[in-house]
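Accompanying notes for the structure given below.
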Number of protein chains: 2
Amino acid sequence: MSIKPNTPKGTRDFSSKVLSKRNYLKDIITRAFESFAFEALETPSFERLTTLTGKYGDEGDRLIFKILNSGEKLKKADVKSLEINDLKKFSFSLSEKALRYDLTVPLARFVAGNQNNLIFPYRRYQIQNVWRADRPQHGRFQEFYQCDADIVGNRSLLQEVEMISLFDRVFNDVKLKGVTVKINHRKIIEGIVNLTENKNNLVDYTVAIDKLEKIGIEGVEKELISKGFSQSGIEKIKNIIKLEGSPEIILNELEEVLKDSNEGQKGINELRYIFSKLNCFKFKSINIKIDLTLARGLNYYTGMIVEAMGPKNVKMGSIGGGGRYDELTNSFGLKNMSGIGISFGFDRLYLIMEELDLFPININLNTEVLFVNIGDKSVDIALNNIDKLRSKGIISEIFPTNIKLSKQLNYANKKKIPFVVIIGDEEMKNRKVTLKSMENGKQTQIPLNQLVNKLYNL
Amino acid sequence: MSIKPNTPKGTRDFSSKVLSKRNYLKDIITRAFESFAFEALETPSFERLTTLTGKYGDEGDRLIFKILNSGEKLKKADVKSLEINDLKKFSFSLSEKALRYDLTVPLARFVAGNQNNLIFPYRRYQIQNVWRADRPQHGRFQEFYQCDADIVGNRSLLQEVEMISLFDRVFNDVKLKGVTVKINHRKIIEGIVNLTENKNNLVDYTVAIDKLEKIGIEGVEKELISKGFSQSGIEKIKNIIKLEGSPEIILNELEEVLKDSNEGQKGINELRYIFSKLNCFKFKSINIKIDLTLARGLNYYTGMIVEAMGPKNVKMGSIGGGGRYDELTNSFGLKNMSGIGISFGFDRLYLIMEELDLFPININLNTEVLFVNIGDKSVDIALNNIDKLRSKGIISEIFPTNIKLSKQLNYANKKKIPFVVIIGDEEMKNRKVTLKSMENGKQTQIPLNQLVNKLYNL
């Protein structure tokens with residue numbers, strides 16, 4: 001019985017054509033990260049299970065791919081928890097390692113483990129796959145790239161400014177216009193929630209408001225009420241977060257509304273400083289605005305949060321985001337390591353670039369020269385020359401078998417190979433070759449010893 | 001309690017310095033593959049378990065990392081097989097996916113699944129991680145790169161010739177001299193085994209002789225006897241495989257010894273053709289010889305087999321290998337797909353290059369310019385100019401906080417940043433900046449509007 005040649009659901013093969021575009025995008029992001037003085041880091045595909053669990057919330061824990069223990073260790077399977085249906089405990093008795101779920105926890109683990117060797121502030125970028133056991137659906141995969149840049153070990157707000165400028169750099173380099181960068185601050189959110197009687201429900205609030213686009217304001221209200229928010233509290237919040245206008249207008253209004261909140265004032269002052277510094281730049285792709293409904297799902301943020309939204313004419317939503325965090329390395333025993341990080345949504349950005357036709361043509365690598373095969377002596381001459389072409393980076397191949405010329409030319413056409421080299425008896429006699437353009441059919445004879453240069457300069 | 005910030009055994013973090021060298025090597029291999037007209041392919045990190053099992057022998061099956069099923073599927077755990085200690089069956093009831101173990105089976109799966117869209121012969125390269133649950137030890141990791149090039153769908157021996165030339169290209173490009181490429185042929189091995197009474201023990205023989213370097217000829221003899229080979233049969237084999245000399249001498253002798261073996265003659269003729277074509281090249285790094293003890297562990301080879309050995313002065317053994325196979329896609333329902341593939345041992349090659357000092361200096365990316373931070377106005381000017389530098393690919397950063405200048409210069413020294421830009425009050429008045437070389441301490445004042453060009457041309 002033969003095995004179905006399928007990939008697992010939610011995963012993809014990438015063929016050459018797709019890879020050339022993915023690599024184009026990856027190179028642009030990499031060059032931007034590097035010129036911003038971020039150092040590369042790569043961490044293992046799997047971490048110890050204890051490193052990952054408890055970092056991403058219950059939902060996240062469920063979506064971590066665990067690696068099954070092998071050999072004798074399997075005997076430790078905790079069958080009792082299976083019997084009482086405690087599948088979580090059962091799975092922990094079967095696994096000690098798990099696939100990378102994001103790039104932030106591995107960074108925290110790396111920084112804590114190398115704190116004595118790193119020079120702080122440590123600026124690192126990382127572009128690697130992460131894996132999530134999400135239900136596969138259109139545009140959502142179980143294996144996908146994350147592209148992160150973080151600065152760890154310093155609280156200066158200049159780094160917030162740099163990160164926003166990095167958004168502009170990348171989106172401009174891929175020729176994407178009309179990106180909106182939404183900014184908010186966790187301490188402002190805290191100040192707003194503190195206006196209600198639900199001072200301790202900050203997480204409930206951020207979780208609810210984070211779903212605004214998905215479930216609408218009514219849905220958010222419902223969820224808040226279910227978490228114990230009063231109607232009057234909700235009205236207060238709604239009146240504030242609907243504020244619109246220039247950063248200055250919003251911050252001035254907030255200053256008044258949150259005048260009794262130390263946290264709120266701190267957030268306002270930070271955003272004021274950040275916006276004053278953003279004026280030093282001439283951004284080409286991004287528009288920046290304060291959006292008080294922005295919350296970011298992850299709980300580890302403590303300062304400015306940011307999200308980049310694709311242009312309005314493409315329905316894609318967030319294509320990047322990030323923010324400042326203060327306690328990421330705490331669980332690895334390293335306190336007081338403030339950091340800030342942003343991440344680019346590689347697959348979404350790719351889809352937008354496809355939709356808007358932003359990939360240059362001709363980035364696909366393709367055979368440039370085919371030596372046709374018309375017998376042994378002809379092949380010897382081809383072999384003798386092909387490695388010179390290849391050394392010069394000219395993508396070359398020899399047709400492997402001596403079949404009818406028309407079939408070989410058909411192969412060249414199917415593969416869209418622009419030039420074919422023919423070395424027939426007559427050519428050999430005169431130490432020449434025939435160079436045939438497959439685009440216009442034109443044939444020219446050139447001396448054999450000029451072939452490499454001729455092709456190199458085409 | 002804090003969690004130990006360790007990676008799992010057998011895995012590695014790669015910091016920027018190591019990555020720059022790894023990427024240097026990876027780029028050389030990639031460029032060689034591409035100029036040889038191989039197309040890139042990337043396959044998912046995990047495959048369906050049924051795709052991988054049964055392809056790598058019992059030992060291989062044991063070393064495949066399985067991914068634990070999640071959620072309700074865990075209830076299907078076959079506790080009975082655990083009770084009777086059938087751990088293999090137990091593990092199969094817990095897992096449906098497994099991490100990529102090599103790049104060859106995913107290629108076979110891809111070719112079978114896309115047979116109607118691919119143009120044959122299909123030339124593909126693939127450089128991706130594979131994972132093996134091997135006991136970690138010095139130089140052996142659970143996660144490591146494989147670098148494979150394969151041509152599928154054609155039996156022409158010109159492809160054997162190309163693959164050997166590809167070895168020379170890569171080793172020459174990394175400036176490694178003195179590589180020996182050992183060649184043998186599975187049909188010659190078959191012919192030799194057929195001289196004994198153990199015609200059906202071909203696999204036993206290749207498994208045993210493959211260990212020659214590890215266990216010596218006595219160890220091989222012992223294993224063969226345990227598999228039922230007679231002493232006289234073993235003597236026959238030993239007399240043949242000790243043949244040495246030029247390919248011509250060995251092939252002539254073999255022709256005589258294997259005159260009654262059709263298979264043997266086929267292998268001899270193929271090697272004759274291959275060596276005649278190899279004469280068309282001027283190899284710069286590799287020496288090629290026939291080694292009749294070469295067997296290659298994997299059972300799927302059917303034709304020429306090849307192994308590249310590092311220079312004698314470094315003890316590293318095989319740094320590449322491959323061969324022709326005929327039935328790789330059979331298990332996926334696609335018959336008669338002959339192919340040939342070679343693979344480079346990335347980590348071993350890396351270690352040799354380290355040992356022989358073959359990595360160029362200055363391939364490590366590093367910050368080139370640091371703007372020191374001496375107050376708000378100075379920072380504004382820095383921000384205003386830094387994105388121009390970064391757009392030109394000049395790696396730049398601003399010191400994030402306004403601390404003592406000596407501390408900022410100390411940071412530049414620790415990070416080995418060659419240039420520091422100082423914008424003090426006096427500089428600002430004259431619209432100038434001070435450019436300080438950290439190597440020789442020299443300071444020069446230049447007009448602000450010339451900073452970008454000046455640094456770009458340094």
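Note on naming: chains are A, B, ... as they come in the structure tokens, residues start from 1 per chain, ligands start from 1 in the order shown.
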
Chain B contacts to chain A at 6 Å (only C-alpha atoms) as a ChimeraX atom specification: /B:2-3,5,7-8,11-16,35-37,39-44,47-48,66-68,109,113,156,280-281,331-333,367,384,390,393-396,400

Who sits within 12 Å of A:Glu160, only C-alpha atoms, same chain under 2 positions skipped, as an MDAnalysis selection string: (chainID A and resid 149:152 154:158 162:167 183:185 270:278 303:306 321:325 339:342) or (chainID B and resid 400)

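Residues of stretch 289-364 of chain B carrying a DSSP assignment of helix (DSSP H, G or I), computed from the backbone, are Asn330, Ser331, Phe332, Phe346, Asp347, Arg348, Leu349, Tyr350, Leu351, Ile352, Met353, Glu354 and Glu355 of chain B.
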
Within 9 Å of stretch 175-179 of chain A using only C-alpha atoms, minus same-chain residues under 3 positions, as an NGL selection string: :A and (168 or 170-172 or 284-288 or 308-312 or 352-353 or 356 or 358)

Restricting the output to N, CA and C atoms, write the selected residues as a PDB file, in the first residue's frame.
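Contents of out-v1.pdb, as written:
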```
ATOM      1  N   ASP A 168       8.731  52.043   9.764  1.00  0.00           N
ATOM      2  CA  ASP A 168       8.731  52.832   8.529  1.00  0.00           C
ATOM      3  C   ASP A 168       9.770  52.306   7.545  1.00  0.00           C
ATOM      4  N   VAL A 170      11.082  49.302   7.133  1.00  0.00           N
ATOM      5  CA  VAL A 170      10.750  48.036   6.473  1.00  0.00           C
ATOM      6  C   VAL A 170       9.603  48.221   5.488  1.00  0.00           C
ATOM      7  N   PHE A 171       8.537  48.903   5.926  1.00  0.00           N
ATOM      8  CA  PHE A 171       7.386  49.050   5.032  1.00  0.00           C
ATOM      9  C   PHE A 171       7.764  49.891   3.815  1.00  0.00           C
ATOM     10  N   ASN A 172       8.609  50.878   4.018  1.00  0.00           N
ATOM     11  CA  ASN A 172       9.058  51.668   2.882  1.00  0.00           C
ATOM     12  C   ASN A 172       9.928  50.831   1.940  1.00  0.00           C
ATOM     13  N   LYS A 284       8.105  57.811   5.504  1.00  0.00           N
ATOM     14  CA  LYS A 284       7.648  57.707   4.120  1.00  0.00           C
ATOM     15  C   LYS A 284       6.462  56.778   3.963  1.00  0.00           C
ATOM     16  N   SER A 285       6.323  55.835   4.867  1.00  0.00           N
ATOM     17  CA  SER A 285       5.257  54.852   4.684  1.00  0.00           C
ATOM     18  C   SER A 285       4.185  54.926   5.767  1.00  0.00           C
ATOM     19  N   ILE A 286       4.578  55.262   6.977  1.00  0.00           N
ATOM     20  CA  ILE A 286       3.634  55.121   8.089  1.00  0.00           C
ATOM     21  C   ILE A 286       3.001  56.446   8.510  1.00  0.00           C
ATOM     22  N   ASN A 287       1.743  56.363   8.935  1.00  0.00           N
ATOM     23  CA  ASN A 287       1.077  57.433   9.674  1.00  0.00           C
ATOM     24  C   ASN A 287       0.904  56.954  11.093  1.00  0.00           C
ATOM     25  N   ILE A 288       1.158  57.848  12.038  1.00  0.00           N
ATOM     26  CA  ILE A 288       1.132  57.428  13.430  1.00  0.00           C
ATOM     27  C   ILE A 288      -0.034  58.092  14.135  1.00  0.00           C
ATOM     28  N   ALA A 308       0.989  47.907  13.876  1.00  0.00           N
ATOM     29  CA  ALA A 308       1.001  48.435  12.510  1.00  0.00           C
ATOM     30  C   ALA A 308      -0.110  47.776  11.715  1.00  0.00           C
ATOM     31  N   MET A 309      -0.950  48.602  11.101  1.00  0.00           N
ATOM     32  CA  MET A 309      -2.086  48.098  10.339  1.00  0.00           C
ATOM     33  C   MET A 309      -1.843  48.308   8.847  1.00  0.00           C
ATOM     34  N   GLY A 310      -2.124  47.286   8.056  1.00  0.00           N
ATOM     35  CA  GLY A 310      -1.971  47.384   6.607  1.00  0.00           C
ATOM     36  C   GLY A 310      -2.838  48.484   6.023  1.00  0.00           C
ATOM     37  N   PRO A 311      -2.572  48.876   4.779  1.00  0.00           N
ATOM     38  CA  PRO A 311      -3.362  49.939   4.152  1.00  0.00           C
ATOM     39  C   PRO A 311      -4.847  49.580   4.127  1.00  0.00           C
ATOM     40  N   LYS A 312      -5.698  50.608   4.115  1.00  0.00           N
ATOM     41  CA  LYS A 312      -7.141  50.365   4.227  1.00  0.00           C
ATOM     42  C   LYS A 312      -7.690  49.558   3.058  1.00  0.00           C
ATOM     43  N   ILE A 352      -0.052  40.647   1.505  1.00  0.00           N
ATOM     44  CA  ILE A 352      -0.328  42.011   1.033  1.00  0.00           C
ATOM     45  C   ILE A 352       0.538  42.342  -0.180  1.00  0.00           C
ATOM     46  N   MET A 353       1.799  41.971  -0.121  1.00  0.00           N
ATOM     47  CA  MET A 353       2.700  42.275  -1.237  1.00  0.00           C
ATOM     48  C   MET A 353       2.270  41.540  -2.502  1.00  0.00           C
ATOM     49  N   LEU A 356      -0.869  43.463  -3.765  1.00  0.00           N
ATOM     50  CA  LEU A 356      -0.576  44.773  -4.343  1.00  0.00           C
ATOM     51  C   LEU A 356       0.530  44.701  -5.395  1.00  0.00           C
ATOM     52  N   LEU A 358       3.736  43.905  -5.213  1.00  0.00           N
ATOM     53  CA  LEU A 358       4.930  44.639  -4.798  1.00  0.00           C
ATOM     54  C   LEU A 358       6.220  43.843  -4.968  1.00  0.00           C
TER      55      LEU A 358
END
```

Residues near B:Ile234, cut-off 10 Å, only C-alpha atoms, skip fewer than 2 positions along chain, as a list of chain:residue names: B:Val193, B:Leu195, B:Thr196, B:Val220, B:Glu221, B:Leu224, B:Ile225, B:Phe229, B:Ser230, B:Gln231, B:Ser232, B:Lys236, B:Ile237, B:Lys238, B:Asn239

Please write the residues from the selection above to a file, keeping all heavy atoms, as a compact mmCIF listing (two decimals), in the first residue's frame.
```txt
# COMPACT_ATOMS: atom_id res chain seq x y z
N VAL B 193 29.79 -9.67 -3.53
CA VAL B 193 29.09 -10.55 -2.58
C VAL B 193 28.61 -11.82 -3.29
O VAL B 193 28.61 -12.91 -2.72
CB VAL B 193 27.92 -9.81 -1.91
CG1 VAL B 193 27.09 -10.76 -1.05
CG2 VAL B 193 28.45 -8.66 -1.05
N LEU B 195 30.12 -13.50 -5.35
CA LEU B 195 31.20 -14.48 -5.48
C LEU B 195 31.19 -15.45 -4.30
O LEU B 195 31.82 -16.50 -4.35
CB LEU B 195 32.56 -13.77 -5.54
CG LEU B 195 32.84 -12.93 -6.78
CD1 LEU B 195 34.19 -12.25 -6.67
CD2 LEU B 195 32.77 -13.80 -8.04
N THR B 196 30.52 -15.08 -3.22
CA THR B 196 30.46 -15.96 -2.05
C THR B 196 29.18 -16.78 -2.12
O THR B 196 28.37 -16.63 -3.05
CB THR B 196 30.45 -15.15 -0.75
OG1 THR B 196 29.18 -14.49 -0.62
CG2 THR B 196 31.54 -14.08 -0.77
N VAL B 220 34.70 -6.35 11.22
CA VAL B 220 33.83 -6.62 10.07
C VAL B 220 33.73 -8.12 9.84
O VAL B 220 32.64 -8.67 9.64
CB VAL B 220 34.37 -5.92 8.81
CG1 VAL B 220 33.55 -6.32 7.59
CG2 VAL B 220 34.37 -4.40 8.99
N GLU B 221 34.89 -8.81 9.90
CA GLU B 221 34.90 -10.27 9.70
C GLU B 221 33.98 -10.95 10.70
O GLU B 221 33.18 -11.81 10.34
CB GLU B 221 36.32 -10.80 9.91
CG GLU B 221 37.16 -10.76 8.65
CD GLU B 221 38.43 -11.60 8.81
OE1 GLU B 221 38.31 -12.84 8.96
OE2 GLU B 221 39.52 -11.00 8.82
N LEU B 224 30.44 -10.47 9.82
CA LEU B 224 30.03 -11.25 8.64
C LEU B 224 29.84 -12.72 9.01
O LEU B 224 28.88 -13.36 8.56
CB LEU B 224 31.10 -11.11 7.54
CG LEU B 224 31.16 -9.74 6.84
CD1 LEU B 224 32.27 -9.71 5.80
CD2 LEU B 224 29.81 -9.40 6.19
N ILE B 225 30.74 -13.22 9.84
CA ILE B 225 30.59 -14.63 10.25
C ILE B 225 29.30 -14.81 11.02
O ILE B 225 28.56 -15.78 10.79
CB ILE B 225 31.82 -15.06 11.07
CG1 ILE B 225 33.00 -15.25 10.10
CG2 ILE B 225 31.55 -16.35 11.86
CD1 ILE B 225 34.33 -15.47 10.76
N PHE B 229 28.35 -15.68 6.82
CA PHE B 229 29.37 -15.74 5.76
C PHE B 229 30.41 -16.81 6.13
O PHE B 229 30.78 -16.94 7.31
CB PHE B 229 30.07 -14.40 5.59
CG PHE B 229 29.28 -13.41 4.77
CD1 PHE B 229 28.22 -12.71 5.32
CD2 PHE B 229 29.60 -13.20 3.43
CE1 PHE B 229 27.48 -11.80 4.58
CE2 PHE B 229 28.87 -12.28 2.68
CZ PHE B 229 27.81 -11.59 3.25
N SER B 230 30.91 -17.54 5.13
CA SER B 230 31.95 -18.53 5.38
C SER B 230 33.32 -17.86 5.37
O SER B 230 33.49 -16.80 4.77
CB SER B 230 31.91 -19.62 4.31
OG SER B 230 32.32 -19.06 3.07
N GLN B 231 34.29 -18.50 6.01
CA GLN B 231 35.64 -17.95 6.04
C GLN B 231 36.19 -17.82 4.61
O GLN B 231 36.81 -16.80 4.28
CB GLN B 231 36.55 -18.84 6.89
CG GLN B 231 37.86 -18.17 7.30
CD GLN B 231 37.64 -16.91 8.16
OE1 GLN B 231 36.90 -16.93 9.13
NE2 GLN B 231 38.26 -15.80 7.78
N SER B 232 35.91 -18.79 3.77
CA SER B 232 36.47 -18.73 2.41
C SER B 232 35.82 -17.58 1.62
O SER B 232 36.48 -16.89 0.85
CB SER B 232 36.25 -20.07 1.69
OG SER B 232 34.86 -20.28 1.48
N LYS B 236 37.76 -14.31 -0.05
CA LYS B 236 37.54 -13.83 -1.43
C LYS B 236 37.29 -12.32 -1.44
O LYS B 236 37.88 -11.56 -2.20
CB LYS B 236 36.33 -14.55 -2.04
CG LYS B 236 36.68 -15.76 -2.87
CD LYS B 236 35.42 -16.23 -3.60
CE LYS B 236 35.56 -17.73 -3.90
NZ LYS B 236 34.26 -18.35 -4.25
N ILE B 237 36.36 -11.93 -0.57
CA ILE B 237 36.00 -10.50 -0.51
C ILE B 237 37.21 -9.66 -0.13
O ILE B 237 37.52 -8.65 -0.78
CB ILE B 237 34.86 -10.28 0.52
CG1 ILE B 237 33.56 -10.92 0.01
CG2 ILE B 237 34.65 -8.80 0.77
CD1 ILE B 237 32.40 -10.84 1.01
N LYS B 238 37.91 -10.11 0.90
CA LYS B 238 39.06 -9.32 1.38
C LYS B 238 40.10 -9.13 0.28
O LYS B 238 40.71 -8.06 0.15
CB LYS B 238 39.70 -10.00 2.60
CG LYS B 238 39.01 -9.63 3.91
CD LYS B 238 39.46 -10.48 5.08
CE LYS B 238 40.91 -10.24 5.47
NZ LYS B 238 41.30 -11.15 6.60
N ASN B 239 40.31 -10.17 -0.51
CA ASN B 239 41.29 -10.06 -1.59
C ASN B 239 40.89 -9.02 -2.64
O ASN B 239 41.76 -8.40 -3.26
CB ASN B 239 41.48 -11.42 -2.26
CG ASN B 239 42.50 -12.24 -1.49
OD1 ASN B 239 43.45 -11.68 -0.95
ND2 ASN B 239 42.28 -13.55 -1.44
```

Atom CA of A:Val203 to atom CA of A:Lys89, distance in Å rounded to a single decimal: 26.5 Å

Gap from atom CA of B:Lys187 to atom CA of B:Gly317 - Å, one decimal: 24.5 Å

Backbone-only DSSP, strand (DSSP E or B) members of stretch 87-319 of chain A, as JSON, numbers by chain: {"A": [95, 96, 97, 98, 99, 122, 123, 124, 125, 126, 127, 128, 129, 130, 131, 137, 140, 143, 144, 145, 146, 147, 148, 149, 150, 151, 152, 179, 180, 181, 182, 183, 184, 185, 286, 287, 288, 289, 290, 301, 302, 303, 304, 305, 306, 307, 308, 309, 318, 319]}

List the spatial neighbours of B:Leu448 as an mmCIF file with all heavy atoms, in the first residue's frame - criterion: any atom at most 7 Å away, only C-alpha atoms, same-chain residues fewer than 2 positions off excluded.
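Ended up saving to around-v7.cif:
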```
data_model
loop_
_atom_site.group_PDB
_atom_site.id
_atom_site.type_symbol
_atom_site.label_atom_id
_atom_site.label_comp_id
_atom_site.auth_asym_id
_atom_site.auth_seq_id
_atom_site.Cartn_x
_atom_site.Cartn_y
_atom_site.Cartn_z
ATOM 1 N N ARG B 431 26.955 73.916 13.092
ATOM 2 C CA ARG B 431 26.378 72.865 12.240
ATOM 3 C C ARG B 431 27.449 71.857 11.803
ATOM 4 O O ARG B 431 27.590 71.528 10.639
ATOM 5 C CB ARG B 431 25.634 73.453 11.034
ATOM 6 C CG ARG B 431 24.485 74.355 11.462
ATOM 7 C CD ARG B 431 23.337 74.474 10.471
ATOM 8 N NE ARG B 431 22.854 73.256 9.823
ATOM 9 C CZ ARG B 431 21.980 72.407 10.374
ATOM 10 N NH1 ARG B 431 21.531 72.576 11.604
ATOM 11 N NH2 ARG B 431 21.553 71.364 9.682
ATOM 12 N N LYS B 432 28.206 71.458 12.782
ATOM 13 C CA LYS B 432 29.233 70.454 12.532
ATOM 14 C C LYS B 432 29.034 69.268 13.475
ATOM 15 O O LYS B 432 28.213 69.313 14.403
ATOM 16 C CB LYS B 432 30.629 71.048 12.765
ATOM 17 C CG LYS B 432 31.019 72.074 11.713
ATOM 18 C CD LYS B 432 32.511 72.330 11.716
ATOM 19 C CE LYS B 432 32.867 73.109 10.461
ATOM 20 N NZ LYS B 432 34.285 73.405 10.379
ATOM 21 N N VAL B 433 29.794 68.210 13.241
ATOM 22 C CA VAL B 433 29.834 67.089 14.191
ATOM 23 C C VAL B 433 31.288 66.686 14.361
ATOM 24 O O VAL B 433 32.116 66.943 13.479
ATOM 25 C CB VAL B 433 29.028 65.858 13.700
ATOM 26 C CG1 VAL B 433 27.572 66.216 13.488
ATOM 27 C CG2 VAL B 433 29.638 65.270 12.431
ATOM 28 N N ILE B 446 33.552 67.651 11.043
ATOM 29 C CA ILE B 446 33.074 67.758 9.661
ATOM 30 C C ILE B 446 31.695 68.404 9.670
ATOM 31 O O ILE B 446 30.958 68.301 10.653
ATOM 32 C CB ILE B 446 33.000 66.384 8.957
ATOM 33 C CG1 ILE B 446 32.231 65.367 9.842
ATOM 34 C CG2 ILE B 446 34.377 65.840 8.628
ATOM 35 C CD1 ILE B 446 31.997 64.059 9.130
ATOM 36 N N GLN B 450 27.734 66.679 5.664
ATOM 37 C CA GLN B 450 28.642 65.764 4.962
ATOM 38 C C GLN B 450 28.829 64.448 5.708
ATOM 39 O O GLN B 450 29.555 63.560 5.250
ATOM 40 C CB GLN B 450 30.009 66.432 4.756
ATOM 41 C CG GLN B 450 29.966 67.547 3.713
ATOM 42 C CD GLN B 450 31.294 68.284 3.623
ATOM 43 O OE1 GLN B 450 32.339 67.757 3.985
ATOM 44 N NE2 GLN B 450 31.241 69.513 3.142
ATOM 45 N N LEU B 451 28.171 64.343 6.873
ATOM 46 C CA LEU B 451 28.396 63.174 7.727
ATOM 47 C C LEU B 451 28.076 61.861 7.019
ATOM 48 O O LEU B 451 28.867 60.915 7.029
ATOM 49 C CB LEU B 451 27.546 63.308 9.002
ATOM 50 C CG LEU B 451 27.597 62.107 9.960
ATOM 51 C CD1 LEU B 451 28.980 61.962 10.560
ATOM 52 C CD2 LEU B 451 26.554 62.257 11.062
#
```

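Distances here use only C-alpha atoms; by that measure, the residue among B:Tyr101, B:Pro360, B:Glu218, B:Val372 closest to B:Gly54 is B:Tyr101.
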
Point-to-point distance in Å for atom CA of B:Leu254 and atom CA of B:Val181: 19.7 Å

Near-A:Ala412 list (8 Å; only C-alpha atoms; drop same-chain fewer than 6 positions) as a list of chain:residue names: A:Leu370, A:Pro418, A:Val420, A:Met438

A:Asp326 environment, 8 Å, only C-alpha atoms, sequence neighbours closer than 3 positions dropped, as JSON, numbers by chain: {"A": [300, 301, 302, 336, 337, 338, 339]}

Generate a file of the selected residues that holds N, CA, C and O atoms, formatted as a PDB file, in the first residue's frame.
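The resulting file, part_4.pdb, is reproduced below:
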```
ATOM      1  N   TYR A 300       2.450  40.676  29.124  1.00  0.00           N
ATOM      2  CA  TYR A 300       3.726  41.129  29.670  1.00  0.00           C
ATOM      3  C   TYR A 300       4.063  42.584  29.359  1.00  0.00           C
ATOM      4  O   TYR A 300       5.039  43.109  29.879  1.00  0.00           O
ATOM      5  N   TYR A 301       3.254  43.257  28.547  1.00  0.00           N
ATOM      6  CA  TYR A 301       3.555  44.656  28.239  1.00  0.00           C
ATOM      7  C   TYR A 301       3.298  45.559  29.444  1.00  0.00           C
ATOM      8  O   TYR A 301       2.339  45.370  30.191  1.00  0.00           O
ATOM      9  N   THR A 302       4.157  46.559  29.611  1.00  0.00           N
ATOM     10  CA  THR A 302       4.011  47.477  30.751  1.00  0.00           C
ATOM     11  C   THR A 302       4.087  48.940  30.346  1.00  0.00           C
ATOM     12  O   THR A 302       3.806  49.818  31.150  1.00  0.00           O
ATOM     13  N   ASN A 336      14.568  43.060  36.854  1.00  0.00           N
ATOM     14  CA  ASN A 336      14.868  44.420  36.398  1.00  0.00           C
ATOM     15  C   ASN A 336      15.502  44.493  35.012  1.00  0.00           C
ATOM     16  O   ASN A 336      16.450  45.227  34.790  1.00  0.00           O
ATOM     17  N   MET A 337      15.006  43.692  34.107  1.00  0.00           N
ATOM     18  CA  MET A 337      15.496  43.748  32.737  1.00  0.00           C
ATOM     19  C   MET A 337      14.385  44.310  31.859  1.00  0.00           C
ATOM     20  O   MET A 337      13.600  43.555  31.285  1.00  0.00           O
ATOM     21  N   SER A 338      14.326  45.621  31.775  1.00  0.00           N
ATOM     22  CA  SER A 338      13.307  46.201  30.907  1.00  0.00           C
ATOM     23  C   SER A 338      13.717  45.995  29.457  1.00  0.00           C
ATOM     24  O   SER A 338      14.894  45.965  29.126  1.00  0.00           O
ATOM     25  N   GLY A 339      12.729  45.836  28.619  1.00  0.00           N
ATOM     26  CA  GLY A 339      13.025  45.663  27.205  1.00  0.00           C
ATOM     27  C   GLY A 339      11.905  46.177  26.343  1.00  0.00           C
ATOM     28  O   GLY A 339      10.814  46.500  26.830  1.00  0.00           O
TER      29      GLY A 339
END
```
